[in-house]
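Participant: mmCIF, C-alpha atoms, saved as final.cif, coming up:
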```
data_final
loop_
_atom_site.label_atom_id
_atom_site.label_comp_id
_atom_site.auth_asym_id
_atom_site.auth_seq_id
_atom_site.Cartn_x
_atom_site.Cartn_y
_atom_site.Cartn_z
CA MET A 679 -14.88 3.02 -2.62
CA LYS A 680 -11.62 4.04 -4.26
CA THR A 681 -8.39 2.02 -4.20
CA ILE A 682 -5.05 3.84 -4.38
CA ILE A 683 -1.92 1.92 -5.35
CA LEU A 684 1.30 3.80 -4.62
CA ALA A 685 3.81 2.97 -7.37
CA ALA A 686 6.08 5.98 -7.83
CA GLY A 687 9.29 4.91 -6.11
CA ILE A 688 12.76 4.46 -7.59
CA ALA A 689 13.49 1.23 -5.67
CA LYS A 690 17.26 1.74 -5.44
CA ARG A 691 17.77 -1.45 -3.45
CA LEU A 692 16.47 -3.50 -6.36
CA GLN A 693 18.72 -1.99 -9.00
CA PRO A 694 19.70 -2.92 -11.67
CA LEU A 695 16.30 -4.65 -12.00
CA THR A 696 14.61 -1.29 -11.44
CA ASN A 697 16.89 0.99 -13.44
CA LYS A 698 14.07 1.76 -15.88
CA ILE A 699 10.92 0.45 -14.17
CA THR A 700 9.34 0.71 -10.77
CA LYS A 701 9.47 -2.48 -8.71
CA CYS A 702 5.80 -3.37 -9.09
CA LEU A 703 6.54 -4.14 -12.75
CA LEU A 704 8.88 -6.96 -11.77
CA GLU A 705 7.42 -10.30 -12.77
CA ILE A 706 6.68 -13.25 -10.52
CA ASP A 707 5.50 -16.43 -12.20
CA GLY A 708 5.09 -14.58 -15.51
CA GLU A 709 2.94 -11.76 -14.11
CA THR A 710 3.87 -8.34 -12.76
CA ILE A 711 3.34 -7.54 -9.09
CA LEU A 712 1.06 -4.69 -10.21
CA SER A 713 -1.10 -7.09 -12.20
CA LYS A 714 -1.39 -9.38 -9.20
CA THR A 715 -2.37 -6.45 -6.99
CA ILE A 716 -5.06 -5.26 -9.39
CA LYS A 717 -6.44 -8.81 -9.65
CA THR A 718 -6.77 -9.00 -5.87
CA CYS A 719 -8.73 -5.75 -6.03
CA ILE A 720 -11.00 -6.96 -8.83
CA ASN A 721 -11.68 -10.23 -7.01
CA ASN A 722 -12.82 -8.22 -3.99
CA GLY A 723 -15.10 -5.93 -5.99
CA LEU A 724 -12.65 -3.02 -5.90
CA LYS A 725 -12.80 -1.81 -9.49
CA ASP A 726 -12.24 1.94 -9.12
CA ILE A 727 -8.47 2.21 -8.92
CA VAL A 728 -5.93 5.03 -8.91
CA VAL A 729 -2.27 4.21 -9.53
CA LEU A 730 0.29 6.81 -8.43
CA THR A 731 3.16 6.68 -10.91
CA GLY A 732 6.61 8.23 -10.97
CA HIS A 733 9.80 6.37 -11.81
CA GLY A 734 9.31 4.58 -15.14
CA HIS A 735 5.77 5.94 -15.39
CA LYS A 736 5.50 5.28 -19.14
CA PHE A 737 6.18 1.60 -18.55
CA THR A 738 3.61 1.55 -15.74
CA GLU A 739 0.99 3.17 -17.96
CA GLU A 740 1.68 0.61 -20.70
CA GLU A 741 1.29 -2.22 -18.19
CA ILE A 742 -2.01 -0.81 -16.96
CA LYS A 743 -3.36 -0.65 -20.50
CA ASP A 744 -2.36 -4.28 -20.94
CA ILE A 745 -4.02 -5.26 -17.65
CA VAL A 746 -7.27 -3.58 -18.69
CA LEU A 747 -7.25 -5.37 -22.04
CA LYS A 748 -6.58 -8.75 -20.47
CA ASN A 749 -9.24 -8.47 -17.77
CA LYS A 750 -12.02 -7.16 -20.06
CA ILE A 751 -14.24 -5.98 -17.21
CA ASP A 752 -16.77 -3.33 -18.23
CA ASP A 753 -16.87 -1.44 -14.92
CA LEU A 754 -13.13 -1.55 -14.27
CA LYS A 755 -11.74 1.99 -13.98
CA ILE A 756 -8.01 2.54 -13.59
CA LYS A 757 -6.69 6.08 -13.51
CA THR A 758 -3.06 7.13 -13.21
CA ILE A 759 -1.72 10.20 -11.43
CA TYR A 760 1.88 11.12 -12.17
CA ASN A 761 4.10 12.43 -9.40
CA PRO A 762 6.72 14.54 -11.23
CA GLU A 763 8.73 14.92 -8.02
CA TYR A 764 9.03 11.20 -7.29
CA ALA A 765 12.84 11.42 -7.10
CA THR A 766 12.87 13.96 -4.27
CA LYS A 767 9.56 13.49 -2.43
CA ASN A 768 8.37 10.36 -0.70
CA ASN A 769 5.08 8.48 -0.65
CA CYS A 770 3.44 10.98 1.73
CA TYR A 771 3.53 13.45 -1.16
CA SER A 772 2.23 10.82 -3.59
CA LEU A 773 -0.73 9.98 -1.37
CA ASP A 774 -1.38 13.68 -0.89
CA LEU A 775 -1.68 14.04 -4.67
CA ALA A 776 -4.01 11.06 -4.88
CA VAL A 777 -6.59 12.10 -2.28
CA LYS A 778 -6.95 15.83 -2.96
CA ASP A 779 -10.28 15.49 -4.77
CA LEU A 780 -11.64 12.40 -2.99
CA ASN A 781 -14.51 12.24 -0.53
CA GLU A 782 -15.25 8.55 -0.11
CA ASP A 783 -13.86 5.45 1.56
CA VAL A 784 -10.34 4.73 0.32
CA ILE A 785 -8.11 1.68 0.47
CA VAL A 786 -4.38 2.40 0.18
CA ILE A 787 -2.00 -0.32 -1.01
CA ASN A 788 1.77 -0.21 -1.31
CA SER A 789 2.58 -1.50 -4.79
CA ASP A 790 5.45 -3.65 -3.52
CA ASP A 791 3.14 -5.84 -1.41
CA VAL A 792 2.49 -9.43 -2.49
CA TYR A 793 -0.38 -10.77 -0.43
CA ASP A 794 -3.28 -13.17 -0.05
CA GLU A 795 -6.38 -11.55 -1.56
CA LYS A 796 -8.39 -12.66 1.48
CA ILE A 797 -6.67 -9.83 3.36
CA LEU A 798 -8.69 -7.32 1.32
CA ALA A 799 -11.84 -9.35 1.98
CA LYS A 800 -11.24 -8.85 5.71
CA LEU A 801 -10.43 -5.14 5.40
CA LYS A 802 -13.14 -3.98 3.00
CA PRO A 803 -16.20 -4.34 5.29
CA ILE A 804 -14.62 -2.65 8.32
CA PRO A 805 -16.67 0.57 8.73
CA SER A 806 -13.92 2.67 10.31
CA SER A 807 -10.39 3.58 9.28
CA ALA A 808 -8.11 0.60 9.80
CA LEU A 809 -4.59 -0.70 9.28
CA VAL A 810 -3.86 -4.24 8.16
CA ILE A 811 -1.58 -5.71 10.80
CA ASP A 812 0.42 -8.93 10.80
CA ASN A 813 -0.36 -10.10 14.31
CA VAL A 814 1.52 -13.39 13.95
CA LYS A 815 5.05 -12.87 12.63
CA THR A 816 8.10 -12.27 14.78
CA LEU A 817 8.95 -8.59 14.70
CA THR A 818 12.35 -7.15 13.79
CA GLU A 819 13.91 -3.72 13.98
CA GLU A 820 12.86 -3.15 10.34
CA SER A 821 9.20 -3.99 10.96
CA MET A 822 6.76 -1.07 10.72
CA LYS A 823 5.46 -1.64 14.25
CA ILE A 824 2.31 -0.33 15.91
CA TYR A 825 1.02 0.17 19.42
CA TYR A 826 -2.62 -0.79 19.91
CA THR A 827 -4.26 0.32 23.14
CA ASN A 828 -7.91 0.46 24.24
CA SER A 829 -9.06 -0.84 20.86
CA LYS A 830 -7.32 1.79 18.77
CA VAL A 831 -3.94 2.32 17.13
CA THR A 832 -1.85 4.92 18.98
CA ASP A 833 1.57 4.79 17.31
CA ILE A 834 3.25 3.59 14.12
CA ASN A 835 7.02 3.56 13.61
CA LYS A 836 9.88 1.18 12.94
CA LYS A 837 11.58 2.48 16.10
CA LEU A 838 8.84 1.35 18.50
CA ASP A 839 9.68 -1.14 21.23
CA ILE A 840 9.28 -4.67 19.85
CA ASN A 841 8.13 -5.99 23.23
CA LYS A 842 5.33 -3.41 23.45
CA SER A 843 4.23 -3.66 19.83
CA TYR A 844 1.03 -5.32 18.69
CA GLY A 845 2.28 -6.31 15.25
CA GLU A 846 3.53 -5.05 11.89
CA SER A 847 1.67 -2.77 9.50
CA ILE A 848 1.90 -4.49 6.12
CA GLY A 849 1.30 -1.43 3.93
CA ILE A 850 -2.43 -1.78 3.32
CA ALA A 851 -4.92 0.54 5.00
CA LYS A 852 -8.48 1.82 4.82
CA ILE A 853 -9.45 5.43 5.42
CA ALA A 854 -13.15 5.92 6.09
CA LYS A 855 -14.97 8.72 4.28
CA GLU A 856 -15.55 10.66 7.50
CA ASP A 857 -11.78 10.71 8.14
CA MET A 858 -10.70 11.86 4.67
CA ASN A 859 -10.49 15.55 5.56
CA CYS A 860 -8.32 14.68 8.54
CA LEU A 861 -6.07 12.59 6.29
CA LYS A 862 -5.71 15.46 3.81
CA GLU A 863 -4.86 17.93 6.57
CA CYS A 864 -2.28 15.61 8.10
CA LEU A 865 -0.71 14.78 4.75
CA ASP A 866 -0.45 18.48 3.95
CA GLU A 867 1.16 19.15 7.32
CA VAL A 868 3.74 16.40 6.86
CA VAL A 869 4.57 17.49 3.31
CA ARG A 870 5.06 21.08 4.48
CA THR A 871 7.36 19.85 7.24
CA ASP A 872 9.40 17.40 5.17
CA SER A 873 8.26 16.12 1.78
CA ASP A 874 10.64 13.15 2.07
CA LEU A 875 8.56 11.54 4.82
CA TYR A 876 6.11 8.65 4.59
CA TYR A 877 2.33 8.51 4.79
CA GLU A 878 2.70 6.65 8.09
CA ASP A 879 3.90 9.98 9.50
CA ALA A 880 0.54 11.46 8.52
CA PHE A 881 -1.26 8.50 10.09
CA GLN A 882 0.64 9.20 13.31
CA LEU A 883 -0.83 12.70 13.37
CA MET A 884 -4.29 11.29 12.70
CA PHE A 885 -4.23 8.94 15.69
CA ASP A 886 -4.85 11.86 18.06
CA LYS A 887 -7.90 12.94 16.09
CA VAL A 888 -9.61 9.79 14.76
CA ASP A 889 -9.73 6.14 15.79
CA PHE A 890 -7.99 3.48 13.70
CA GLU A 891 -8.94 -0.17 14.10
CA VAL A 892 -6.69 -3.10 13.25
CA CYS A 893 -7.43 -5.70 10.60
CA ASP A 894 -5.40 -8.73 11.64
CA THR A 895 -3.90 -10.98 9.00
CA ASP A 896 -4.28 -13.95 11.37
CA GLY A 897 -1.59 -15.82 9.47
CA LEU A 898 -2.66 -14.95 5.93
CA LYS A 899 0.49 -14.75 3.84
CA TRP A 900 2.12 -11.57 2.55
CA THR A 901 5.50 -10.01 1.94
CA GLU A 902 6.89 -6.70 0.73
CA VAL A 903 9.53 -6.46 -1.97
CA ASP A 904 12.32 -4.04 -1.08
CA THR A 905 15.45 -6.07 -1.84
CA LEU A 906 16.58 -8.91 -4.07
CA GLU A 907 16.19 -11.25 -1.09
CA ASP A 908 12.60 -10.03 -0.63
CA PHE A 909 11.96 -10.65 -4.32
CA ARG A 910 13.10 -14.27 -3.99
CA ILE A 911 10.88 -14.69 -0.93
CA ALA A 912 7.93 -13.31 -2.91
CA GLU A 913 8.59 -15.79 -5.71
CA ILE A 914 8.56 -18.66 -3.21
CA LEU A 915 5.41 -17.31 -1.56
CA VAL A 916 3.54 -17.10 -4.85
CA GLU A 917 4.68 -20.58 -5.89
CA ALA A 918 3.66 -22.13 -2.57
CA ASN A 919 0.46 -20.24 -1.80
CA PHE A 920 -1.03 -18.15 -4.57
CA LYS A 921 -0.28 -19.97 -7.81
CA SER A 922 -3.49 -21.02 -9.49
#
```
What would the structure in this file look like if it were written as structure tokens?
Facilitator:
Amino acid sequence: MKTIILAAGIAKRLQPLTNKITKCLLEIDGETILSKTIKTCINNGLKDIVVLTGHGHKFTEEEIKDIVLKNKIDDLKIKTIYNPEYATKNNCYSLDLAVKDLNEDVIVINSDDVYDEKILAKLKPIPSSALVIDNVKTLTEESMKIYYTNSKVTDINKKLDINKSYGESIGIAKIAKEDMNCLKECLDEVVRTDSDLYYEDAFQLMFDKVDFEVCDTDGLKWTEVDTLEDFRIAEILVEANFKS
């Protein structure tokens, strides 16, 4: 099983903190978000990792080398793929680059997620493709909402009706091996249509062709870091819940 961490974005809303680095290199409690993400993977036996880099990629590569040295795990493999068009093409293009040569189960993680590692423990054994969904929090207009009908995901979009939505996609997903060709086809179609779209747009195309399950967080803590306010929330979350 491969794990893909998408870390190419410019993160304009976090500038000036991200003028030179991507946001997953911001530190919380003396450790980068990327380091925390990779540790959650290692602790769940996910040691074959691909990091999609772009903005500040040299700094990201240096951090990965440091992470590998600090963890000293013989079977840990971390590969980087550089997206040279990170400034003009969105994460759908990045994921497209990452999966071109893959034919196995894949877990996709947004690099700006800070989350309880038990979420990966719930997701990993699910045999089918699945989205991790916060089924507890109160939804807002900015939530990446989903519809879930007849035991499968049918829609994903921020514009969905809050009252009809099942929950919020947190930016972690699993694509089963048998669905990888479908993912590649849908990513290619979205990139051809508009390379500034998101991988969720490819997922939307997939829903008519393959079944996606949900992996509920059931109250396990997480947050994404898009703004300075989000960053402060992440610091509080780590201090209160994840600090060892």
Participant: Given the file shown, determine the residues that the PyMOL selection byres ((chain A and resi 773-787) around 6) selects; report them as an MDAnalysis selection string.
Facilitator: chainID A and resid 679:683 770:772 788 850:855 865
Participant: I would like the residues chosen by the PyMOL selection byres ((chain A and resi 692-706) around 10) on the shown file; could you give them as a PyMOL selection string?
Facilitator: chain A and resi 684-691+707-715+731-738+741+788-792+903-910+912-917
Participant: Could you jot down the CA of Asp812 (chain A) to CA of Leu798 (chain A) separation for me, Å, one decimal place?
Facilitator: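 We find that CA of Asp812 (chain A) and CA of Leu798 (chain A) lie 13.2 Å from each other.
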Participant: Please enumerate the residues selected by the PyMOL selection byres ((chain A and resi 801) around 10) when evaluated against the supplied file, formatted as a list in words.
Facilitator: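 Applying the expression gives Ile785, Lys796, Ile797, Leu798, Ala799, Lys800, Lys802, Pro803, Ile804, Pro805, Ser806, Ser807, Ala808, Leu809, Val810, Ile850, Ala851, Lys852, Val892, Cys893, Asp894 and Thr895 of chain A.
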Participant: As AutoDock Vina command-line options, what would the box around region 800-810 of chain A look like: edges along x, y and z, 5 Å added on every side, centre and edge lengths in Å to one decimal?
Facilitator:
```
--center_x -10.3 --center_y -2.6 --center_z 6.7 --size_x 22.8 --size_y 22.4 --size_z 17.3
```
Participant: Within 10 Å of (0.2, 15.9, 5.6) (file coordinates; only C-alpha atoms), which protein or nucleic acid residues are there? I'd like them as a PyMOL selection string.
Facilitator: chain A and resi 770-771+773-774+860-873+875-881+883-884
Participant: Could you check how far CA of Asn722 (chain A) sits from CA of Lys743 (chain A), in Å to one decimal?
Facilitator: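 Calculated distance between CA of Asn722 (chain A) and CA of Lys743 (chain A) is 20.5 Å.
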Participant: Residues near Thr827 (chain A), anyone? I mean within 10 Å using only C-alpha atoms, not counting same-chain ones fewer than 4 positions away, as a list in words.
Facilitator: Val831, Thr832, Asp833, Ser843 and Tyr844 of chain A
Participant: Tell me, in Å to one decimal, how far CA of Leu724 (chain A) is from CA of Asp752 (chain A).
Facilitator: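 Result for CA of Leu724 (chain A) versus CA of Asp752 (chain A): 13.0 Å, one decimal.
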Participant: From the set A:Lys823, A:Lys830, A:Lys717, A:Lys815, which residue has the shortest atom-to-atom contact distance to Gly849 (chain A), counting only C-alpha atoms?
Facilitator: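 Nearest to Gly849 (chain A): A:Lys823.
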Participant: Which residue gives the smallest distance to Val746 (chain A) among A:Glu820, A:Lys725, A:Asn828, A:Leu838, with only C-alpha atoms counted?
Facilitator: A:Lys725
Participant: When you count all atoms listed in the file, which of these residues is closest to Lys836 (chain A): A:Thr901, A:Thr718, A:Ser821, A:Asn768?
Facilitator: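 Distance minimum relative to Lys836 (chain A) lands on A:Ser821.
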Participant: I'd like the neighbourhood of Ile756 (chain A) as a ChimeraX atom specification, where a residue qualifies if any of its atoms comes within 7 Å (using all atoms listed in the file), though same-chain residues fewer than 5 positions away should be ignored.
Facilitator: /A:726-728
Participant: For a quick check of understanding, using only C-alpha atoms, which of A:Ile811, A:Ile720, A:Ile911, A:Phe890 has the smallest distance to Asp753 (chain A)?
Facilitator: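 Distance minimum relative to Asp753 (chain A) lands on A:Ile720.
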Participant: Can you give me N, CA and C atoms for region 839-872 of chain A, written as an mmCIF file, in the frame of the given file?
Facilitator:
```
data_model
loop_
_atom_site.group_PDB
_atom_site.id
_atom_site.type_symbol
_atom_site.label_atom_id
_atom_site.label_comp_id
_atom_site.auth_asym_id
_atom_site.auth_seq_id
_atom_site.Cartn_x
_atom_site.Cartn_y
_atom_site.Cartn_z
ATOM 1 N N ASP A 839 9.204 -0.012 20.440
ATOM 2 C CA ASP A 839 9.680 -1.140 21.230
ATOM 3 C C ASP A 839 9.012 -2.438 20.754
ATOM 4 N N ILE A 840 9.819 -3.395 20.332
ATOM 5 C CA ILE A 840 9.280 -4.670 19.850
ATOM 6 C C ILE A 840 8.404 -5.327 20.907
ATOM 7 N N ASN A 841 8.836 -5.295 22.151
ATOM 8 C CA ASN A 841 8.130 -5.990 23.230
ATOM 9 C C ASN A 841 6.779 -5.354 23.552
ATOM 10 N N LYS A 842 6.593 -4.100 23.183
ATOM 11 C CA LYS A 842 5.330 -3.410 23.450
ATOM 12 C C LYS A 842 4.432 -3.372 22.211
ATOM 13 N N SER A 843 4.952 -3.809 21.090
ATOM 14 C CA SER A 843 4.230 -3.660 19.830
ATOM 15 C C SER A 843 3.203 -4.759 19.624
ATOM 16 N N TYR A 844 2.110 -4.377 18.982
ATOM 17 C CA TYR A 844 1.030 -5.320 18.690
ATOM 18 C C TYR A 844 1.345 -6.192 17.485
ATOM 19 N N GLY A 845 1.983 -5.588 16.482
ATOM 20 C CA GLY A 845 2.280 -6.310 15.250
ATOM 21 C C GLY A 845 2.878 -5.378 14.222
ATOM 22 N N GLU A 846 2.912 -5.824 12.976
ATOM 23 C CA GLU A 846 3.530 -5.050 11.890
ATOM 24 C C GLU A 846 2.493 -4.585 10.889
ATOM 25 N N SER A 847 2.509 -3.305 10.575
ATOM 26 C CA SER A 847 1.670 -2.770 9.500
ATOM 27 C C SER A 847 2.240 -3.250 8.175
ATOM 28 N N ILE A 848 1.395 -3.853 7.336
ATOM 29 C CA ILE A 848 1.900 -4.490 6.120
ATOM 30 C C ILE A 848 1.867 -3.567 4.903
ATOM 31 N N GLY A 849 1.348 -2.352 5.064
ATOM 32 C CA GLY A 849 1.300 -1.430 3.930
ATOM 33 C C GLY A 849 -0.007 -1.435 3.179
ATOM 34 N N ILE A 850 -1.075 -1.852 3.868
ATOM 35 C CA ILE A 850 -2.430 -1.780 3.320
ATOM 36 C C ILE A 850 -3.311 -1.161 4.394
ATOM 37 N N ALA A 851 -4.102 -0.165 4.024
ATOM 38 C CA ALA A 851 -4.920 0.540 5.000
ATOM 39 C C ALA A 851 -6.239 0.976 4.384
ATOM 40 N N LYS A 852 -7.204 1.246 5.250
ATOM 41 C CA LYS A 852 -8.480 1.820 4.820
ATOM 42 C C LYS A 852 -8.689 3.127 5.555
ATOM 43 N N ILE A 853 -9.075 4.161 4.819
ATOM 44 C CA ILE A 853 -9.450 5.430 5.420
ATOM 45 C C ILE A 853 -10.939 5.637 5.150
ATOM 46 N N ALA A 854 -11.706 5.726 6.227
ATOM 47 C CA ALA A 854 -13.150 5.920 6.090
ATOM 48 C C ALA A 854 -13.456 7.326 5.579
ATOM 49 N N LYS A 855 -14.573 7.445 4.884
ATOM 50 C CA LYS A 855 -14.970 8.720 4.280
ATOM 51 C C LYS A 855 -14.956 9.865 5.291
ATOM 52 N N GLU A 856 -15.457 9.593 6.500
ATOM 53 C CA GLU A 856 -15.550 10.660 7.500
ATOM 54 C C GLU A 856 -14.183 11.122 8.007
ATOM 55 N N ASP A 857 -13.130 10.355 7.709
ATOM 56 C CA ASP A 857 -11.780 10.710 8.140
ATOM 57 C C ASP A 857 -10.919 11.274 7.007
ATOM 58 N N MET A 858 -11.500 11.426 5.817
ATOM 59 C CA MET A 858 -10.700 11.860 4.670
ATOM 60 C C MET A 858 -10.178 13.286 4.832
ATOM 61 N N ASN A 859 -10.982 14.177 5.367
ATOM 62 C CA ASN A 859 -10.490 15.550 5.560
ATOM 63 C C ASN A 859 -9.331 15.579 6.537
ATOM 64 N N CYS A 860 -9.416 14.768 7.567
ATOM 65 C CA CYS A 860 -8.320 14.680 8.540
ATOM 66 C C CYS A 860 -7.064 14.146 7.861
ATOM 67 N N LEU A 861 -7.222 13.128 7.018
ATOM 68 C CA LEU A 861 -6.070 12.590 6.290
ATOM 69 C C LEU A 861 -5.422 13.666 5.427
ATOM 70 N N LYS A 862 -6.240 14.410 4.687
ATOM 71 C CA LYS A 862 -5.710 15.460 3.810
ATOM 72 C C LYS A 862 -4.944 16.509 4.614
ATOM 73 N N GLU A 863 -5.518 16.925 5.735
ATOM 74 C CA GLU A 863 -4.860 17.930 6.570
ATOM 75 C C GLU A 863 -3.525 17.423 7.102
ATOM 76 N N CYS A 864 -3.505 16.175 7.527
ATOM 77 C CA CYS A 864 -2.280 15.610 8.100
ATOM 78 C C CYS A 864 -1.225 15.368 7.027
ATOM 79 N N LEU A 865 -1.653 14.928 5.852
ATOM 80 C CA LEU A 865 -0.710 14.780 4.750
ATOM 81 C C LEU A 865 -0.100 16.124 4.373
ATOM 82 N N ASP A 866 -0.943 17.138 4.281
ATOM 83 C CA ASP A 866 -0.450 18.480 3.950
ATOM 84 C C ASP A 866 0.555 18.964 4.988
ATOM 85 N N GLU A 867 0.263 18.708 6.250
ATOM 86 C CA GLU A 867 1.160 19.150 7.320
ATOM 87 C C GLU A 867 2.512 18.448 7.234
ATOM 88 N N VAL A 868 2.488 17.142 6.969
ATOM 89 C CA VAL A 868 3.740 16.400 6.860
ATOM 90 C C VAL A 868 4.546 16.857 5.653
ATOM 91 N N VAL A 869 3.874 17.051 4.527
ATOM 92 C CA VAL A 869 4.570 17.490 3.310
ATOM 93 C C VAL A 869 5.196 18.866 3.519
ATOM 94 N N ARG A 870 4.493 19.756 4.196
ATOM 95 C CA ARG A 870 5.060 21.080 4.480
ATOM 96 C C ARG A 870 6.290 20.983 5.381
ATOM 97 N N THR A 871 6.247 20.020 6.298
ATOM 98 C CA THR A 871 7.360 19.850 7.240
ATOM 99 C C THR A 871 8.564 19.223 6.575
ATOM 100 N N ASP A 872 8.321 18.126 5.842
ATOM 101 C CA ASP A 872 9.400 17.400 5.170
ATOM 102 C C ASP A 872 8.783 16.499 4.118
#
```
